[in-house]
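What follows is a set of notes on a single structure, which appears directly below.
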Amino acid sequence: MYLQRTRKHNRLVRRFSGLFFDNPVLSLGLALPLAISATNSLQGAFCVMIGMWATTLPVMLFSSLPPVRRFLPLWARFPVYVLLAVAILIPVELRLSPIYPVVLNSLGVYFPIIAVNTIMLYRCEHVGVRCGVLHTLIDGVLHLLGFSVVMALLACVRELFGYGSVWGIPVTGITFKLSGLLIPFSGCILLAFLAAGSRYIGRLWRVRNYRADLRDGQTPAEGEDEDLDDDLLI
Amino acid sequence: MEAIGLFFLYALVAIFLENAVFTRMLGVGRMVFLGTPKRILAHGAALTVITFFGSMLSFAANYLLYDYNVAVSLRALIYLCCLTVVYLILYLLCDRLPGKIFTPMKKLLPLSTFNCASLGALVLTTAQQHSFFSTVGFGLGTGVGYTLALLLIYTGRRRLELVTLPRAFKGMPIHLLYIGLVSLAIYGLIGHQLPT
């Protein structure tokens, strides 16, 4: 088949959209306040991840229910999503506060704003109201996994070189501490480099597959029209 | 007179010293990277009105809850209810009032109301237990500061589009880098020092 590797790559991108390709933080620019400011420590990032999983998935599933899609107008959907999210967040905070009291205190305003996170609002309106429950669930899981990976990576780097510890456990061998990494601006700068890196790797992979296909000298078969072929589109 | 002074003082604090975008990275989202000046001004105006009236309602709610040790998330629920009330009133007004200005505002209202900057402003002001005028001033200042920050970022975006950049940095990465560096500059300008 014409451009076989490229088609396979595009199918992989569509299937795992949100995890690495079209990552909600690195590619779509969603939930940036949480990724930038709540990644001072791995424990803080973990609390935020729990809050995100607990609120975003149920609200996305709620948005994909047929009665919601059919009867709730756009102007009413946003307040419903947000109020539902914060109602779920209350027991999550009550459950986490005896286990991580200092961490939740240090998160401050960044824990309650999980209720208005843009991953939830954006995916509810782009996927939830247009697709079925299963598709919305898979989309939500992939996007939240992508978000969690970015949060964990950023938090590890910032805590390791900012405090010299990971999960509060001091790491031997780190002789210097960059206290500037704990301020929000450094989260922004680190995220910028991470976004550029993921874009570079994604493009490298795509171009490598395409060049390998061209080197194999593949041509369209008789009757095959590449313009109408879904596998060549992402 | 003192109340008016406090109002303007906290408004200035919210605009420059405690800017929602550059100090706390609240509201950094798609509008920052995609907005045109017209959309930014409309979004900022809506957010300013919402935080102004929302801070009044949240102050009243906080005053009623003063004697109870209420969890942060439960306070967030109450503040979101205050924001919802303001949103519904504004939506009804935009629906009823004729004109080219109010009809497009209906599309911007949901995003302007339910975002990190507006909820964050309410949580921050009421957590610090200020007086009514300082709370309302901080709410107004947050909206104005957010709008000014977005316009500043737009100016930077326009200049960055004219520069030759590596392909990987075009778009969101370079804009994030720009926001981070401006935030660092403001951090130093305010007089903060890096923790030792």
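The chains in the structure tokens are called A, B, ... from first to last as shown; in each chain the residues are counted from 1, and the ligands are counted from 1 in the order shown.
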Practice prompt. Output the contact residues of chain A with respect to chain B at a cut-off of 6 Å, based on only C-alpha atoms, as a ChimeraX atom specification.
Written response: /A:33,86,90,112-113,116,179-180,185,188-189,192,195-196,199-200
Same residues, N, CA, C and O atoms, output as a PDB file, in the first residue's frame:
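Output file part_11.pdb follows:
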ATOM      1  N   PRO A  33      -1.916  26.644  34.182  1.00  0.00           N
ATOM      2  CA  PRO A  33      -1.630  27.116  35.553  1.00  0.00           C
ATOM      3  C   PRO A  33      -1.262  25.969  36.482  1.00  0.00           C
ATOM      4  O   PRO A  33      -0.360  26.110  37.322  1.00  0.00           O
ATOM      5  N   VAL A  86     -16.678  20.733  41.192  1.00  0.00           N
ATOM      6  CA  VAL A  86     -16.294  21.182  42.537  1.00  0.00           C
ATOM      7  C   VAL A  86     -17.000  20.342  43.608  1.00  0.00           C
ATOM      8  O   VAL A  86     -16.453  20.113  44.694  1.00  0.00           O
ATOM      9  N   ILE A  90     -14.782  18.286  46.632  1.00  0.00           N
ATOM     10  CA  ILE A  90     -14.877  18.481  48.097  1.00  0.00           C
ATOM     11  C   ILE A  90     -14.515  17.198  48.848  1.00  0.00           C
ATOM     12  O   ILE A  90     -13.634  17.223  49.720  1.00  0.00           O
ATOM     13  N   PRO A 112      -8.293  24.267  44.448  1.00  0.00           N
ATOM     14  CA  PRO A 112      -9.683  24.525  44.046  1.00  0.00           C
ATOM     15  C   PRO A 112      -9.853  24.847  42.564  1.00  0.00           C
ATOM     16  O   PRO A 112     -10.922  24.602  42.011  1.00  0.00           O
ATOM     17  N   ILE A 113      -8.825  25.386  41.899  1.00  0.00           N
ATOM     18  CA  ILE A 113      -9.015  25.736  40.482  1.00  0.00           C
ATOM     19  C   ILE A 113      -9.016  24.513  39.575  1.00  0.00           C
ATOM     20  O   ILE A 113      -9.210  24.633  38.369  1.00  0.00           O
ATOM     21  N   VAL A 116     -12.199  24.243  37.547  1.00  0.00           N
ATOM     22  CA  VAL A 116     -12.410  24.996  36.301  1.00  0.00           C
ATOM     23  C   VAL A 116     -11.277  24.724  35.317  1.00  0.00           C
ATOM     24  O   VAL A 116     -10.955  25.572  34.492  1.00  0.00           O
ATOM     25  N   SER A 179      17.319  27.346  43.604  1.00  0.00           N
ATOM     26  CA  SER A 179      16.058  27.755  44.241  1.00  0.00           C
ATOM     27  C   SER A 179      15.129  28.477  43.266  1.00  0.00           C
ATOM     28  O   SER A 179      13.924  28.536  43.494  1.00  0.00           O
ATOM     29  N   GLY A 180      15.685  29.024  42.183  1.00  0.00           N
ATOM     30  CA  GLY A 180      14.847  29.688  41.177  1.00  0.00           C
ATOM     31  C   GLY A 180      13.874  28.752  40.500  1.00  0.00           C
ATOM     32  O   GLY A 180      12.860  29.185  39.953  1.00  0.00           O
ATOM     33  N   PHE A 185       7.903  31.297  37.255  1.00  0.00           N
ATOM     34  CA  PHE A 185       8.459  31.623  35.943  1.00  0.00           C
ATOM     35  C   PHE A 185       9.323  30.484  35.409  1.00  0.00           C
ATOM     36  O   PHE A 185       9.391  30.238  34.208  1.00  0.00           O
ATOM     37  N   CYS A 188       7.269  27.896  33.771  1.00  0.00           N
ATOM     38  CA  CYS A 188       6.891  28.335  32.431  1.00  0.00           C
ATOM     39  C   CYS A 188       8.006  28.047  31.437  1.00  0.00           C
ATOM     40  O   CYS A 188       7.765  27.525  30.335  1.00  0.00           O
ATOM     41  N   ILE A 189       9.231  28.382  31.825  1.00  0.00           N
ATOM     42  CA  ILE A 189      10.377  28.214  30.922  1.00  0.00           C
ATOM     43  C   ILE A 189      10.635  26.723  30.679  1.00  0.00           C
ATOM     44  O   ILE A 189      10.878  26.291  29.541  1.00  0.00           O
ATOM     45  N   ALA A 192       8.105  25.362  28.356  1.00  0.00           N
ATOM     46  CA  ALA A 192       8.366  25.794  26.979  1.00  0.00           C
ATOM     47  C   ALA A 192       9.359  24.847  26.307  1.00  0.00           C
ATOM     48  O   ALA A 192       9.153  24.411  25.169  1.00  0.00           O
ATOM     49  N   ALA A 195       7.735  21.466  25.689  1.00  0.00           N
ATOM     50  CA  ALA A 195       6.825  21.519  24.537  1.00  0.00           C
ATOM     51  C   ALA A 195       7.606  21.506  23.230  1.00  0.00           C
ATOM     52  O   ALA A 195       7.244  20.804  22.275  1.00  0.00           O
ATOM     53  N   ALA A 196       8.693  22.279  23.186  1.00  0.00           N
ATOM     54  CA  ALA A 196       9.521  22.310  21.970  1.00  0.00           C
ATOM     55  C   ALA A 196      10.140  20.941  21.718  1.00  0.00           C
ATOM     56  O   ALA A 196      10.196  20.463  20.581  1.00  0.00           O
ATOM     57  N   ARG A 199       7.566  18.491  20.390  1.00  0.00           N
ATOM     58  CA  ARG A 199       7.237  18.815  19.004  1.00  0.00           C
ATOM     59  C   ARG A 199       8.348  18.334  18.067  1.00  0.00           C
ATOM     60  O   ARG A 199       8.092  17.772  16.994  1.00  0.00           O
ATOM     61  N   TYR A 200       9.608  18.524  18.495  1.00  0.00           N
ATOM     62  CA  TYR A 200      10.760  18.111  17.691  1.00  0.00           C
ATOM     63  C   TYR A 200      10.773  16.603  17.512  1.00  0.00           C
ATOM     64  O   TYR A 200      10.952  16.092  16.399  1.00  0.00           O
TER      65      TYR A 200
END
Practice prompt. Pick out the residues sitting within 8 Å of stretch 40-48 of chain B, and hand them over as a list of chain:residue names; count only C-alpha atoms, and ignore anything fewer than 5 positions along from it in its own chain.
Written response: B:Met31, B:Gly35, B:Met105, B:Leu108, B:Leu109, B:Ser112, B:Thr113, B:Ser118, B:Gly139, B:Leu140, B:Gly141, B:Thr142, B:Gly143, B:Val144, B:Tyr146, B:Thr147, B:Leu150, B:Leu151
Worksheet item: Would you give me, as a PyMOL selection string, the residues in stretch 2-99 of chain B that DSSP reads as helix (DSSP H, G or I)?
Response: chain B and resi 2-17+30-34+37-64+72-96
Discussion item. From the options A:Val129, A:Ser198, A:Arg208, A:Arg15, which residue's atoms come nearest to A:Pro73, counting only C-alpha atoms?
Written reply: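 Counting only C-alpha atoms, the residue closest to A:Pro73 is A:Val129.
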Discussion item. As an exercise, work out the distance from atom CA of A:Leu32 to atom CA of A:Asn10 in Å and give it to one decimal place.
Written reply: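 Between atom CA of A:Leu32 and atom CA of A:Asn10 the gap works out to 26.8 Å.
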Worksheet item: Got a sec: who's within 12 Å of stretch 40-47 of chain A, counting only C-alpha atoms, leaving out chain neighbours fewer than 6 positions off, as an NGL selection string?
Response: :A and (34 or 53-54 or 89 or 92-97 or 99-108 or 110-112 or 114 or 147-169 or 179-188)
Resulting file, chosen residues, C-alpha atoms, as a PDB file, in the first residue's frame:
ATOM      1  CA  LEU A  34      -1.638  23.687  37.202  1.00  0.00           C
ATOM      2  CA  TRP A  53      -8.709  12.315  37.603  1.00  0.00           C
ATOM      3  CA  ALA A  54     -11.501  12.460  40.180  1.00  0.00           C
ATOM      4  CA  LEU A  89     -13.566  17.855  44.561  1.00  0.00           C
ATOM      5  CA  VAL A  92     -11.397  14.391  47.484  1.00  0.00           C
ATOM      6  CA  GLU A  93      -9.918  17.273  49.460  1.00  0.00           C
ATOM      7  CA  LEU A  94     -11.436  16.011  52.705  1.00  0.00           C
ATOM      8  CA  ARG A  95      -9.869  12.601  52.003  1.00  0.00           C
ATOM      9  CA  LEU A  96      -6.445  13.997  51.111  1.00  0.00           C
ATOM     10  CA  SER A  97      -6.114  16.648  53.822  1.00  0.00           C
ATOM     11  CA  ILE A  99      -2.736  12.441  54.568  1.00  0.00           C
ATOM     12  CA  TYR A 100      -1.043  15.484  52.947  1.00  0.00           C
ATOM     13  CA  PRO A 101      -1.989  18.525  55.093  1.00  0.00           C
ATOM     14  CA  VAL A 102       1.207  20.515  54.444  1.00  0.00           C
ATOM     15  CA  VAL A 103       1.152  19.772  50.721  1.00  0.00           C
ATOM     16  CA  LEU A 104      -2.475  20.885  50.304  1.00  0.00           C
ATOM     17  CA  ASN A 105      -1.768  24.011  52.312  1.00  0.00           C
ATOM     18  CA  SER A 106       1.211  24.832  50.106  1.00  0.00           C
ATOM     19  CA  LEU A 107      -0.888  24.290  46.943  1.00  0.00           C
ATOM     20  CA  GLY A 108      -3.199  27.060  48.150  1.00  0.00           C
ATOM     21  CA  TYR A 110      -4.149  25.750  42.832  1.00  0.00           C
ATOM     22  CA  PHE A 111      -6.220  22.920  44.282  1.00  0.00           C
ATOM     23  CA  PRO A 112      -9.683  24.525  44.046  1.00  0.00           C
ATOM     24  CA  ILE A 114      -8.992  22.076  39.375  1.00  0.00           C
ATOM     25  CA  PHE A 147      -1.367  15.454  31.655  1.00  0.00           C
ATOM     26  CA  SER A 148      -0.123  13.207  34.481  1.00  0.00           C
ATOM     27  CA  VAL A 149       3.075  12.313  32.636  1.00  0.00           C
ATOM     28  CA  VAL A 150       3.905  15.994  32.061  1.00  0.00           C
ATOM     29  CA  MET A 151       3.087  16.914  35.679  1.00  0.00           C
ATOM     30  CA  ALA A 152       5.221  14.086  37.064  1.00  0.00           C
ATOM     31  CA  LEU A 153       8.168  14.946  34.804  1.00  0.00           C
ATOM     32  CA  LEU A 154       8.103  18.646  35.638  1.00  0.00           C
ATOM     33  CA  ALA A 155       7.619  18.016  39.364  1.00  0.00           C
ATOM     34  CA  CYS A 156      10.502  15.527  39.490  1.00  0.00           C
ATOM     35  CA  VAL A 157      12.916  17.921  37.777  1.00  0.00           C
ATOM     36  CA  ARG A 158      11.887  20.957  39.819  1.00  0.00           C
ATOM     37  CA  GLU A 159      11.919  19.188  43.171  1.00  0.00           C
ATOM     38  CA  LEU A 160      15.165  17.350  42.442  1.00  0.00           C
ATOM     39  CA  PHE A 161      17.145  20.452  41.490  1.00  0.00           C
ATOM     40  CA  GLY A 162      15.151  22.910  43.647  1.00  0.00           C
ATOM     41  CA  TYR A 163      15.016  21.059  46.959  1.00  0.00           C
ATOM     42  CA  GLY A 164      17.498  18.245  46.298  1.00  0.00           C
ATOM     43  CA  SER A 165      14.832  15.639  47.050  1.00  0.00           C
ATOM     44  CA  VAL A 166      12.192  13.516  45.330  1.00  0.00           C
ATOM     45  CA  TRP A 167       8.875  12.904  47.139  1.00  0.00           C
ATOM     46  CA  GLY A 168      10.417  14.590  50.181  1.00  0.00           C
ATOM     47  CA  ILE A 169      13.271  12.047  50.343  1.00  0.00           C
ATOM     48  CA  SER A 179      16.058  27.755  44.241  1.00  0.00           C
ATOM     49  CA  GLY A 180      14.847  29.688  41.177  1.00  0.00           C
ATOM     50  CA  LEU A 181      13.268  26.463  39.893  1.00  0.00           C
ATOM     51  CA  LEU A 182      10.622  26.727  42.618  1.00  0.00           C
ATOM     52  CA  ILE A 183       9.255  30.072  41.357  1.00  0.00           C
ATOM     53  CA  PRO A 184       6.415  29.973  38.726  1.00  0.00           C
ATOM     54  CA  PHE A 185       8.459  31.623  35.943  1.00  0.00           C
ATOM     55  CA  SER A 186      10.869  28.689  35.844  1.00  0.00           C
ATOM     56  CA  GLY A 187       7.925  26.306  35.459  1.00  0.00           C
ATOM     57  CA  CYS A 188       6.891  28.335  32.431  1.00  0.00           C
TER      58      CYS A 188
END
Discussion item. Which residues are close to B:Leu57, i.e. within 10 Å by only C-alpha atoms, leaving aside same-chain residues fewer than 3 positions away? Reply as number ranges by chain.
Written reply: B: 51-54, 60-63, 78-79, 81-83, 85-86, 122, 136
Item to complete: In Å, rounded to a single decimal, give me how far atom CA of A:Leu142 is from atom CA of A:Leu19.
Response: 5.2 Å
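Taking stretch 73-209 of chain A and asking which residues DSSP calls strand (DSSP E or B) on the backbone, you get Ser165, Val166, Ile169 and Pro170 of chain A.
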